[in-house]
Amino acid sequence: MKICRFDKDRLGIVQGDEVLDVSKALEAIPEQRWPIAQGDPLIVNLRRVLAAAKKLAPRAKKKPLAKVKLLSPVANPSKIIAAPINYNDHIAESIKDPGIAHGRTNIQKGIGEWGLFLKANSSLIGFGEEIRLRWPERRNDHEVELALVIGKRGNKIPRERALEYVCAYSIGLDMTVRGPELQCFRKSIDTYSVLGPWLVTADEIDNPNSLDLSIAVNGETRQNSNTKYLVYDVQRLIEFGSSMYTLHPGDVIMTGTPAGVSPVRPGDTLHACVQGVGESDIRIAREYA
């Protein structure tokens with residue numbers, strides 16, 4: 001099933017070029033009182049919500065997909081985890097291109113020594129919103145990635161059980177300002193984490209380690225690869241991340257980007273695609289924030 005969050009926090013099922021409004025299914029989420037428990041409430045209660053949504057679908061009001069504003073399908077992740085230099089071809093281009101590397105000499109050591117990094121959840125938007133670039137004097141790049149959504153709490157998760165903790169997949173854009181600062185600083189700018197255009201439930205993806213992914217800028221393909229080239233595959237990333245962090249329902253893991261990262265500018269249109277998940281455009285605002 002494809003689940004989206006649209007317009008003013010409506011819940012939808014995506015079928016073809018239509019959205020079925022099943023927002024009433026959100027009533028399956030129990031009311032919470034402060035202090036709010038860790039975990040996105042929709043994802044914590046996803047099974048109940050999906051069961052209710054399926055019952056509502058036959059009589060649900062339909063809207064054209066092109067006419068709705070797609071928001072991030074996860075509203076409240078406790079954290080967004082990202083994987084640096086997780087494709088060998090991106091490692092190679094980062095070594096060669098000083099505009100990416102900014103003098104770093106340890107890129108070839110790889111993700112095992114770099115570790116993962118966190119992006120602020122305040123940076124998260126959906127494909128129906130606009131990316132607002134900052135720092136016009138600096139290089140702003142696109143990075144397309146397969147994104148995982150964690151479905152249940154886990155810590156020190158073994159590789160062989162890792163996929164049990166994934167409830168859905170999505171497209172992630174890890175937008176970045178190039179520079180000398182740590183990734184968690186220059187990749188956590190408002191609107192620099194894009195998730196969507198919807199969630200595809202995990203049962204629809206047989207093997208997340210064999211999916212084509214691509215991005216085009218104004219119609220020109222810039223990145224085009226497959227998740228089979230991940231250095232740390234999906235299971236290893238979950239194992240690696242949960243060795244340090246407790247994962248909560250709704251946490252997002254962006255799995256890394258392949259070669260082809262390049263600058264974007266105000267007014268550009270990005271078209272991102274991940275096999276089995278879908279494809280969508282997102283615009284960059286015409287003015288810097």
# chains A, B, ... in the order shown; residues from 1 in each chain; ligands from 1

call {"tool": "closest_atom_pairs", "arguments": {"of": "range 4-101 of chain A", "to": "range 164-181 of chain A", "cutoff": "12 Å", "atoms": "only C-alpha atoms", "output": "Markdown table"}}
result
| residue | atom | partner | partner_atom | distance |
| --- | --- | --- | --- | --- |
| A:Cys4 | CA | A:Ser170 | CA | 10.5 |
| A:Leu42 | CA | A:Cys167 | CA | 11.5 |
| A:Ile43 | CA | A:Cys167 | CA | 8.1 |
| A:Val44 | CA | A:Cys167 | CA | 10.1 |
| A:Asn45 | CA | A:Cys167 | CA | 11.2 |
| A:Leu46 | CA | A:Cys167 | CA | 8.6 |
| A:Arg47 | CA | A:Cys167 | CA | 9.7 |
| A:Leu50 | CA | A:Cys167 | CA | 11.8 |
| A:Ser72 | CA | A:Ser170 | CA | 9.9 |
| A:Pro73 | CA | A:Ser170 | CA | 8.8 |
| A:Val74 | CA | A:Ser170 | CA | 10.0 |
| A:Ile80 | CA | A:Asp174 | CA | 10.3 |
| A:Ile81 | CA | A:Asp174 | CA | 10.5 |
| A:Ala82 | CA | A:Asp174 | CA | 8.1 |
| A:Ala83 | CA | A:Asp174 | CA | 9.9 |
| A:Pro84 | CA | A:Asp174 | CA | 10.2 |
| A:Ser94 | CA | A:Arg178 | CA | 11.3 |
| A:Asp97 | CA | A:Arg178 | CA | 11.4 |
| A:Pro98 | CA | A:Arg178 | CA | 10.0 |
| A:Gly99 | CA | A:Arg178 | CA | 7.1 |
| A:Ile100 | CA | A:Arg178 | CA | 6.2 |
| A:Ala101 | CA | A:Gly179 | CA | 8.2 |

call {"tool": "write_last_selection", "arguments": {"atoms": "C-alpha atoms", "output": "compact mmCIF listing (two decimals), in the first residue's frame"}}
result
# COMPACT_ATOMS: atom_id res chain seq x y z
CA CYS A 4 0.58 9.75 1.84
CA LEU A 42 1.11 7.25 12.95
CA ILE A 43 3.94 4.74 12.65
CA VAL A 44 3.47 3.46 16.22
CA ASN A 45 -0.14 2.64 15.32
CA LEU A 46 0.41 1.87 11.63
CA ARG A 47 -1.24 -1.56 11.59
CA LEU A 50 -3.92 0.71 7.73
CA SER A 72 6.42 14.40 4.49
CA PRO A 73 4.61 11.09 5.11
CA VAL A 74 6.33 10.87 8.51
CA ILE A 80 16.82 11.32 10.71
CA ILE A 81 19.91 9.14 10.34
CA ALA A 82 22.11 9.56 7.29
CA ALA A 83 24.94 7.49 5.81
CA PRO A 84 27.95 9.37 4.37
CA SER A 94 34.51 13.08 -3.57
CA ASP A 97 36.34 16.98 -6.62
CA PRO A 98 37.60 19.60 -4.12
CA GLY A 99 34.16 21.18 -4.22
CA ILE A 100 32.85 18.08 -2.42
CA ALA A 101 35.82 17.12 -0.28

call {"tool": "residues_around", "arguments": {"residues": "Arg161 in chain A", "least_positions_apart": "5", "cutoff": "12 Å", "atoms": "only C-alpha atoms", "output": "PyMOL selection string"}}
result
chain A and resi 154-156+166+234-236+238-239+242

call {"tool": "closest_atom_pairs", "arguments": {"of": "range 196-255 of chain A", "to": "range 76-79 of chain A", "cutoff": "12 Å", "atoms": "only C-alpha atoms", "output": "JSON lines"}}
result
{"residue": "A:Gly241", "atom": "CA", "partner": "A:Lys79", "partner_atom": "CA", "distance": 11.4}
{"residue": "A:Tyr245", "atom": "CA", "partner": "A:Lys79", "partner_atom": "CA", "distance": 9.8}
{"residue": "A:Thr246", "atom": "CA", "partner": "A:Lys79", "partner_atom": "CA", "distance": 10.2}
{"residue": "A:Leu247", "atom": "CA", "partner": "A:Lys79", "partner_atom": "CA", "distance": 8.6}
{"residue": "A:His248", "atom": "CA", "partner": "A:Ser78", "partner_atom": "CA", "distance": 7.0}
{"residue": "A:Pro249", "atom": "CA", "partner": "A:Pro77", "partner_atom": "CA", "distance": 7.6}
{"residue": "A:Gly250", "atom": "CA", "partner": "A:Pro77", "partner_atom": "CA", "distance": 4.9}
{"residue": "A:Asp251", "atom": "CA", "partner": "A:Pro77", "partner_atom": "CA", "distance": 4.8}
{"residue": "A:Val252", "atom": "CA", "partner": "A:Lys79", "partner_atom": "CA", "distance": 6.6}
{"residue": "A:Ile253", "atom": "CA", "partner": "A:Lys79", "partner_atom": "CA", "distance": 8.6}
{"residue": "A:Met254", "atom": "CA", "partner": "A:Lys79", "partner_atom": "CA", "distance": 10.9}

call {"tool": "closest_residue", "arguments": {"among": "A:Leu237, A:Leu65, A:Ile29, A:Ile36", "to": "Pro158 in chain A", "atoms": "only C-alpha atoms"}}
result
A:Leu237

call {"tool": "residues_around", "arguments": {"residues": "range 127-129 of chain A", "least_positions_apart": "6", "cutoff": "7 Å", "atoms": "only C-alpha atoms", "output": "list in words"}}
result
Lys69, Leu70, Leu71, Val194, Leu195, Gly196, Pro197, Asp281 and Ile282 of chain A

call {"tool": "closest_residue", "arguments": {"among": "A:Pro258, A:Gly110, A:Gly12, A:Gly103", "to": "Arg222 in chain A", "atoms": "only C-alpha atoms"}}
result
A:Pro258

call {"tool": "closest_residue", "arguments": {"among": "A:Asn88, A:Thr257, A:Lys24, A:Gln223", "to": "Ala52 in chain A", "atoms": "only C-alpha atoms"}}
result
A:Lys24

call {"tool": "closest_residue", "arguments": {"among": "A:Asn106, A:Asn207, A:Thr227, A:Gln15", "to": "Leu163 in chain A", "atoms": "only C-alpha atoms"}}
result
A:Asn207

call {"tool": "atom_distance", "arguments": {"atom1": "CA of Tyr288 in chain A", "atom2": "CA of Glu137 in chain A"}}
result
10.6 Å

call {"tool": "closest_residue", "arguments": {"among": "A:Asp268, A:Glu204, A:Asp89, A:Asp233", "to": "Gly219 in chain A", "atoms": "only C-alpha atoms"}}
result
A:Asp268

call {"tool": "closest_residue", "arguments": {"among": "A:Asp206, A:Glu113, A:Asp40, A:Asp212", "to": "Gly151 in chain A", "atoms": "only C-alpha atoms"}}
result
A:Asp40
